[in-house]
>>> print(open('work25.tsv').read())   # TSV, C-alpha atoms and all ligand atoms
chain	number	residue	atom	x	y	z
A	1	MET	CA	55.96	-21.67	-157.64
A	2	GLN	CA	53.40	-19.33	-156.17
A	3	HIS	CA	53.78	-18.28	-152.56
A	4	SER	CA	50.68	-17.94	-150.50
A	5	PRO	CA	50.55	-14.37	-149.13
A	6	PHE	CA	48.79	-15.84	-146.08
A	7	ARG	CA	51.71	-18.18	-145.31
A	8	SER	CA	54.31	-15.51	-145.74
A	9	THR	CA	52.68	-13.09	-143.25
A	10	LEU	CA	51.56	-15.73	-140.75
A	11	PHE	CA	54.92	-17.47	-140.35
A	12	PRO	CA	56.90	-14.57	-138.88
A	13	LEU	CA	54.01	-13.87	-136.53
A	14	LEU	CA	53.84	-17.51	-135.37
A	15	SER	CA	57.59	-17.60	-135.00
A	16	THR	CA	57.56	-14.46	-132.81
A	17	LEU	CA	54.72	-15.84	-130.68
A	18	THR	CA	56.57	-19.15	-130.24
A	19	SER	CA	59.76	-17.38	-129.13
A	20	PHE	CA	57.74	-15.22	-126.70
A	21	THR	CA	56.07	-18.33	-125.23
A	22	LEU	CA	59.45	-20.09	-124.87
A	23	VAL	CA	60.97	-17.07	-123.09
A	24	MET	CA	57.95	-16.79	-120.78
A	25	SER	CA	57.99	-20.48	-119.86
A	26	ALA	CA	61.72	-20.27	-119.18
A	27	MET	CA	60.96	-17.42	-116.71
A	28	GLY	CA	58.38	-19.61	-114.93
A	29	PRO	CA	54.71	-18.80	-114.26
A	30	ALA	CA	53.95	-15.11	-113.60
A	31	LYS	CA	53.35	-14.50	-109.87
A	32	ALA	CA	49.84	-13.17	-109.20
A	33	ARG	CA	49.89	-9.99	-107.12
A	34	PRO	CA	47.74	-10.32	-103.99
A	35	ALA	CA	44.56	-8.25	-104.09
A	36	LEU	CA	45.25	-5.84	-101.23
A	37	ASP	CA	42.46	-4.20	-99.22
A	38	VAL	CA	44.77	-1.24	-98.52
A	39	PRO	CA	47.78	-0.03	-100.53
A	40	TYR	CA	51.25	0.07	-99.02
A	41	ILE	CA	52.03	3.46	-97.48
A	42	LYS	CA	54.52	3.80	-94.63
A	43	THR	CA	53.72	5.43	-91.30
A	44	PRO	CA	56.28	8.21	-90.67
A	45	ASP	CA	58.72	7.43	-87.83
A	46	ALA	CA	57.48	10.28	-85.59
A	47	VAL	CA	53.93	8.90	-85.92
A	48	VAL	CA	55.12	5.37	-85.07
A	49	ASP	CA	56.78	6.76	-81.91
A	50	ARG	CA	53.59	8.54	-80.82
A	51	MET	CA	51.45	5.46	-81.58
A	52	LEU	CA	53.67	3.40	-79.26
A	53	GLU	CA	53.57	6.07	-76.60
A	54	MET	CA	49.76	6.31	-76.80
A	55	GLY	CA	49.48	2.51	-76.55
A	56	GLN	CA	51.81	2.62	-73.51
A	57	VAL	CA	53.67	-0.36	-74.92
A	58	GLY	CA	56.22	-2.09	-72.71
A	59	PRO	CA	58.26	-5.27	-72.40
A	60	ASP	CA	55.26	-7.31	-71.20
A	61	ASP	CA	53.15	-6.45	-74.24
A	62	ILE	CA	52.43	-8.44	-77.35
A	63	LEU	CA	51.84	-6.02	-80.22
A	64	VAL	CA	50.15	-7.12	-83.44
A	65	ASP	CA	50.33	-4.83	-86.48
A	66	LEU	CA	47.60	-5.64	-88.99
A	67	GLY	CA	48.99	-4.95	-92.47
A	68	SER	CA	52.56	-4.55	-91.29
A	69	GLY	CA	54.30	-3.30	-94.47
A	70	ASP	CA	58.06	-3.13	-93.87
A	71	GLY	CA	57.49	-4.07	-90.20
A	72	ARG	CA	58.40	-0.67	-88.82
A	73	ILE	CA	55.80	-0.63	-85.99
A	74	PRO	CA	56.56	-4.03	-84.35
A	75	ILE	CA	60.30	-3.46	-84.95
A	76	ALA	CA	60.28	0.01	-83.32
A	77	ALA	CA	58.26	-1.40	-80.38
A	78	ALA	CA	60.82	-4.19	-79.91
A	79	VAL	CA	63.87	-1.90	-80.26
A	80	LYS	CA	62.59	0.99	-78.11
A	81	HIS	CA	60.32	-0.77	-75.59
A	82	GLY	CA	61.39	-4.44	-75.57
A	83	THR	CA	57.94	-5.48	-76.79
A	84	ARG	CA	57.28	-8.81	-78.49
A	85	GLY	CA	55.38	-8.49	-81.73
A	86	LEU	CA	53.74	-9.97	-84.78
A	87	GLY	CA	53.18	-8.34	-88.15
A	88	VAL	CA	50.94	-9.79	-90.84
A	89	ASP	CA	50.76	-8.63	-94.43
A	90	LEU	CA	49.06	-10.15	-97.45
A	91	ASP	CA	51.98	-9.20	-99.70
A	92	PRO	CA	54.87	-11.71	-99.39
A	93	ALA	CA	57.34	-9.06	-100.60
A	94	ARG	CA	56.49	-7.00	-97.47
A	95	THR	CA	56.99	-10.03	-95.23
A	96	GLU	CA	60.46	-10.60	-96.70
A	97	GLU	CA	61.32	-6.93	-96.26
A	98	ALA	CA	60.08	-6.89	-92.66
A	99	ARG	CA	62.02	-10.05	-91.72
A	100	ALA	CA	65.22	-8.56	-93.17
A	101	ALA	CA	64.60	-5.28	-91.30
A	102	ALA	CA	64.06	-7.17	-88.03
A	103	GLN	CA	67.36	-9.04	-88.55
A	104	GLN	CA	69.15	-5.78	-89.24
A	105	ALA	CA	67.65	-4.14	-86.14
A	106	GLY	CA	68.71	-7.13	-84.02
A	107	VAL	CA	65.15	-7.98	-82.87
A	108	ALA	CA	64.39	-11.04	-85.03
A	109	ASP	CA	64.02	-13.05	-81.80
A	110	ARG	CA	61.24	-10.73	-80.55
A	111	VAL	CA	59.19	-10.10	-83.71
A	112	THR	CA	57.58	-12.46	-86.21
A	113	PHE	CA	56.24	-11.62	-89.66
A	114	ARG	CA	53.74	-13.74	-91.56
A	115	THR	CA	52.15	-13.53	-94.97
A	116	GLU	CA	48.51	-13.70	-93.96
A	117	ASN	CA	45.17	-12.02	-94.54
A	118	LEU	CA	44.62	-9.76	-91.54
A	119	PHE	CA	41.00	-10.96	-91.31
A	120	ASP	CA	42.34	-14.45	-90.49
A	121	THR	CA	44.80	-13.33	-87.81
A	122	ASP	CA	44.32	-14.75	-84.32
A	123	LEU	CA	44.42	-11.70	-82.03
A	124	SER	CA	43.65	-13.52	-78.78
A	125	GLU	CA	47.22	-13.10	-77.40
A	126	ALA	CA	47.51	-9.40	-78.37
A	127	THR	CA	47.70	-6.73	-75.70
A	128	VAL	CA	48.19	-3.95	-78.28
A	129	VAL	CA	46.85	-3.89	-81.86
A	130	THR	CA	48.12	-1.28	-84.32
A	131	MET	CA	46.62	-0.48	-87.73
A	132	TYR	CA	47.06	1.86	-90.67
A	133	LEU	CA	44.24	0.65	-92.84
A	134	PHE	CA	41.02	2.15	-94.26
A	135	PRO	CA	37.84	3.25	-92.41
A	136	GLU	CA	35.75	0.40	-93.84
A	137	ILE	CA	38.43	-2.14	-92.86
A	138	ASN	CA	38.51	-0.72	-89.32
A	139	LEU	CA	34.72	-1.10	-89.16
A	140	ARG	CA	34.88	-4.70	-90.40
A	141	LEU	CA	37.46	-5.43	-87.68
A	142	ARG	CA	35.56	-3.59	-84.93
A	143	PRO	CA	33.36	-6.53	-83.70
A	144	GLU	CA	36.45	-8.75	-83.42
A	145	LEU	CA	38.45	-6.03	-81.64
A	146	LEU	CA	35.65	-5.60	-79.10
A	147	LYS	CA	35.90	-9.33	-78.25
A	148	LEU	CA	39.58	-9.02	-77.26
A	149	ARG	CA	40.74	-9.20	-73.67
A	150	PRO	CA	39.51	-6.12	-71.76
A	151	GLY	CA	42.36	-3.65	-71.46
A	152	THR	CA	43.81	-4.41	-74.93
A	153	ARG	CA	44.83	-1.13	-76.55
A	154	ILE	CA	43.99	-0.40	-80.17
A	155	VAL	CA	46.00	2.34	-81.90
A	156	SER	CA	45.06	3.44	-85.41
A	157	HIS	CA	46.96	5.76	-87.70
A	158	ALA	CA	44.63	8.01	-89.74
A	159	PHE	CA	41.24	6.31	-89.36
A	160	HIS	CA	38.69	6.03	-86.55
A	161	MET	CA	35.88	3.56	-85.80
A	162	ASP	CA	32.70	5.65	-86.04
A	163	GLU	CA	30.50	5.36	-82.92
A	164	TRP	CA	33.24	3.69	-80.89
A	165	THR	CA	34.71	7.05	-79.98
A	166	PRO	CA	38.44	7.07	-79.21
A	167	GLU	CA	39.61	7.89	-75.69
A	168	ARG	CA	42.53	9.87	-77.13
A	169	HIS	CA	43.14	11.60	-80.46
A	170	ASP	CA	46.58	13.09	-81.20
A	171	VAL	CA	47.82	14.80	-84.35
A	172	VAL	CA	51.50	14.45	-85.32
A	173	ALA	CA	52.62	16.43	-88.38
A	174	SER	CA	49.02	16.42	-89.72
A	175	ASN	CA	48.63	12.65	-89.09
A	176	ASP	CA	45.67	11.63	-86.92
A	177	ILE	CA	46.26	8.91	-84.34
A	178	PHE	CA	43.43	7.33	-82.33
A	179	LEU	CA	43.52	5.20	-79.18
A	180	TRP	CA	40.87	2.89	-77.72
A	181	THR	CA	40.94	0.45	-74.80
A	182	VAL	CA	38.81	-2.67	-75.19
A	183	PRO	CA	36.15	-2.44	-72.45
A	184	ALA	CA	34.88	-5.33	-70.33
A	185	GLN	CA	31.43	-6.48	-71.42
A	186	VAL	CA	29.19	-5.40	-68.53
A	187	GLY	CA	25.78	-5.03	-70.21
A	188	GLY	CA	22.99	-7.03	-68.50
A	189	LEU	CA	21.88	-7.86	-64.97
A	190	TRP	CA	24.29	-8.31	-62.06
A	191	ARG	CA	23.52	-9.30	-58.46
A	192	VAL	CA	25.82	-7.36	-56.13
A	193	HIS	CA	26.70	-8.64	-52.67
A	194	VAL	CA	28.36	-6.69	-49.85
A	195	PRO	CA	28.63	-8.76	-46.63
A	196	GLY	CA	26.36	-7.31	-43.92
A	197	HIS	CA	24.25	-5.37	-46.45
A	198	ARG	CA	21.25	-6.19	-48.60
A	199	ASP	CA	22.07	-7.53	-52.08
A	200	PHE	CA	21.01	-5.35	-54.98
A	201	VAL	CA	20.62	-5.79	-58.71
A	202	LEU	CA	22.52	-3.67	-61.24
A	203	ARG	CA	20.92	-3.36	-64.67
A	204	VAL	CA	23.57	-2.12	-67.10
A	205	TRP	CA	23.19	-0.87	-70.69
A	206	GLN	CA	26.42	-0.71	-72.67
A	207	GLN	CA	27.42	0.61	-76.05
A	208	PHE	CA	31.17	0.25	-76.61
A	209	ASP	CA	32.68	1.91	-73.52
A	210	ARG	CA	29.58	3.99	-72.71
A	211	VAL	CA	27.54	2.56	-69.84
A	212	GLN	CA	24.37	3.50	-67.99
A	213	ALA	CA	22.89	1.65	-65.06
A	214	THR	CA	20.18	1.51	-62.45
A	215	ALA	CA	20.32	-0.30	-59.12
A	216	THR	CA	17.36	-2.03	-57.48
A	217	SER	CA	17.54	-3.27	-53.93
A	218	LEU	CA	15.82	-6.59	-53.25
A	219	ASP	CA	12.95	-4.82	-51.47
A	220	GLU	CA	12.31	-3.25	-54.90
A	221	HIS	CA	13.34	0.23	-53.85
A	222	SER	CA	14.95	1.64	-57.00
A	223	ILE	CA	18.10	3.75	-56.72
A	224	PRO	CA	19.74	5.35	-59.75
A	225	ALA	CA	23.41	4.45	-60.18
A	226	ILE	CA	25.29	7.38	-61.53
A	227	GLU	CA	28.76	7.99	-62.91
A	228	MET	CA	29.20	4.39	-63.97
A	229	LYS	CA	32.38	4.06	-65.98
A	230	VAL	CA	34.17	1.11	-67.50
A	231	LYS	CA	37.74	1.23	-68.74
A	232	GLY	CA	39.31	-2.01	-69.84
A	233	PRO	CA	38.55	-4.49	-67.03
A	234	GLU	CA	37.95	-1.74	-64.44
A	235	ILE	CA	34.52	-0.58	-63.31
A	236	HIS	CA	33.54	2.37	-61.15
A	237	TYR	CA	30.08	3.47	-60.02
A	238	THR	CA	28.45	5.58	-57.36
A	239	LEU	CA	25.02	4.85	-55.86
A	240	HIS	CA	23.12	7.79	-54.43
A	241	THR	CA	21.30	6.44	-51.40
A	242	ALA	CA	19.33	8.11	-48.61
A	243	GLU	CA	22.46	7.74	-46.45
A	244	GLY	CA	24.63	9.51	-49.02
A	245	PRO	CA	26.74	8.48	-52.02
A	246	LEU	CA	28.31	5.01	-52.00
A	247	THR	CA	31.29	4.55	-54.29
A	248	TYR	CA	32.22	1.16	-55.76
A	249	THR	CA	35.36	0.34	-57.71
A	250	GLY	CA	36.36	-3.08	-58.97
A	251	THR	CA	37.38	-5.32	-61.82
A	252	VAL	CA	35.34	-7.42	-64.20
A	253	ASP	CA	36.36	-10.99	-64.95
A	254	GLY	CA	33.87	-12.52	-67.38
A	255	LYS	CA	30.66	-13.16	-65.44
A	256	LYS	CA	32.07	-12.01	-62.08
A	257	MET	CA	33.10	-8.68	-60.60
A	258	ARG	CA	34.84	-7.89	-57.34
A	259	GLY	CA	36.20	-4.80	-55.65
A	260	THR	CA	35.99	-2.40	-52.77
A	261	SER	CA	33.39	0.17	-51.77
A	262	SER	CA	32.78	2.73	-49.07
A	263	VAL	CA	30.71	0.08	-47.21
A	264	GLY	CA	33.10	-2.88	-47.66
A	265	ASP	CA	34.38	-5.35	-50.23
A	266	TRP	CA	31.84	-6.35	-52.85
A	267	THR	CA	31.32	-9.14	-55.36
A	268	ALA	CA	28.84	-9.45	-58.21
A	269	GLU	CA	27.65	-12.26	-60.43
A	270	LYS	CA	26.03	-12.01	-63.84
A	271	MET	CA	22.39	-13.15	-63.57
A	301	LIG	C1	49.01	1.57	-95.29
A	301	LIG	S1	50.08	0.15	-95.25
A	301	LIG	C2	50.62	0.19	-93.57
A	301	LIG	C3	51.99	-0.43	-93.37
A	301	LIG	C4	52.51	-0.36	-91.93
A	301	LIG	N1	51.56	-0.91	-90.98
A	301	LIG	C5	52.81	1.07	-91.55
A	301	LIG	O1	52.00	1.65	-90.80
A	301	LIG	O2	53.84	1.61	-92.00
A	301	LIG	C6	48.88	-1.17	-95.29
A	301	LIG	C7	49.49	-2.55	-95.45
A	301	LIG	O3	48.44	-3.49	-95.39
A	301	LIG	C8	48.71	-4.56	-96.28
A	301	LIG	N2	47.42	-5.20	-96.58
A	301	LIG	C9	46.43	-4.77	-97.38
A	301	LIG	N3	45.39	-5.62	-97.35
A	301	LIG	C10	45.72	-6.61	-96.47
A	301	LIG	C11	45.04	-7.76	-95.98
A	301	LIG	N4	43.79	-8.08	-96.35
A	301	LIG	N5	45.68	-8.55	-95.08
A	301	LIG	C12	46.94	-8.24	-94.66
A	301	LIG	N6	47.62	-7.16	-95.11
A	301	LIG	C13	47.02	-6.34	-95.98
A	301	LIG	C14	49.39	-3.90	-97.45
A	301	LIG	O4	50.19	-4.80	-98.17
A	301	LIG	C15	50.22	-2.80	-96.77
A	301	LIG	O5	51.52	-3.24	-96.51
>>> encode(input="work25.tsv", output="structure tokens")
Amino acid sequence: MQHSPFRSTLFPLLSTLTSFTLVMSAMGPAKARPALDVPYIKTPDAVVDRMLEMGQVGPDDILVDLGSGDGRIPIAAAVKHGTRGLGVDLDPARTEEARAAAQQAGVADRVTFRTENLFDTDLSEATVVTMYLFPEINLRLRPELLKLRPGTRIVSHAFHMDEWTPERHDVVASNDIFLWTVPAQVGGLWRVHVPGHRDFVLRVWQQFDRVQATATSLDEHSIPAIEMKVKGPEIHYTLHTAEGPLTYTGTVDGKKMRGTSSVGDWTAEKM
């Protein structure tokens, strides 16, 4: 009987493929690796310490680390400063690692880790946001960070946010660290009232935390407002009037401001 050469070479091949398929199905479906926007690289401990110091984290803070890796930043904040924290990472292996590390450090009741895309993370409760990402990721996050509660601190290892210039830049063992404070949104027109004085209108232009303003009294006499500064929810400006400089300090709360000045307490409403 003649053997087909085709049969004799195909059978061992089919048999090998069948065994391979059986072994693979016994192992279960291969887990797809998440497509990360940034690879996993750890922030050195000395840099973590400086980031927490720059962010002035304390027991009343809620720190969110975007792309939390092994959880070292929220865990260090909880251990050293009593901070509550959340870490999110797209890679479930990192989440597992971070949860185990939090248990080991005895802070599992203060820190939470979730497998989540950082672009989906609700940051509304955060008072401090930390990041070790990429410049383009920082820039994609920037509009959302600027919407956070005024006074929220943002601390980034390695990368900045272009025109939103940091208020502090430290270098620790050749690692750049940048700090920003989310400013109140003060751009637009405000009517300012000081009891016993004429109301005036502040016209404010704002880009990130840089502000410029003019003041116009209701009799249309224009006065330049100089040295206007905004930091977090706090505002400070000086009007140069014929009677001399008038200094105003106060806080911004959405569409209202209130504070003290050299001529009395003042309030303002967004027009
Ligand atoms: C450079 S590591 C920083 C880890 C940690 N924050 C630290 O400073 O040690 C960046 C982390 O971001 C995670 N990551 C990348 N893309 C992500 C995304 N879209 N959403 C959430 N995490 C992401 C990676 O898995 C990695 O753990």
>>> closest_residue(input="work25.tsv", among="A:Glu53, A:Asp109, A:Asp45, A:Glu144", to="Leu123 in chain A", atoms="all atoms listed in the file")
A:Glu144
>>> residues_around(input="work25.tsv", residues="Val107 in chain A", least_positions_apart="4", cutoff="9 Å", atoms="all atoms listed in the file", output="VMD selection string")
chain A and resid 75 78 to 79 82 101 to 103 111
>>> residues_near_ligand(input="work25.tsv", ligand="ligand LIG 301 (chain A)", cutoff="9 Å", atoms="only C-alpha atoms and all ligand atoms", output="count of residues only")
48
>>> atom_distance(input="work25.tsv", atom1="CA of Leu239 in chain A", atom2="CA of Thr152 in chain A")
28.3 Å
>>> closest_residue(input="work25.tsv", among="A:Ser217, A:Asn138, A:Thr112, A:Thr247", to="Thr260 in chain A", atoms="only C-alpha atoms")
A:Thr247
>>> closest_residue(input="work25.tsv", among="A:Ala268, A:Val263, A:Gly55, A:Val128", to="Thr238 in chain A", atoms="all atoms listed in the file")
A:Val263
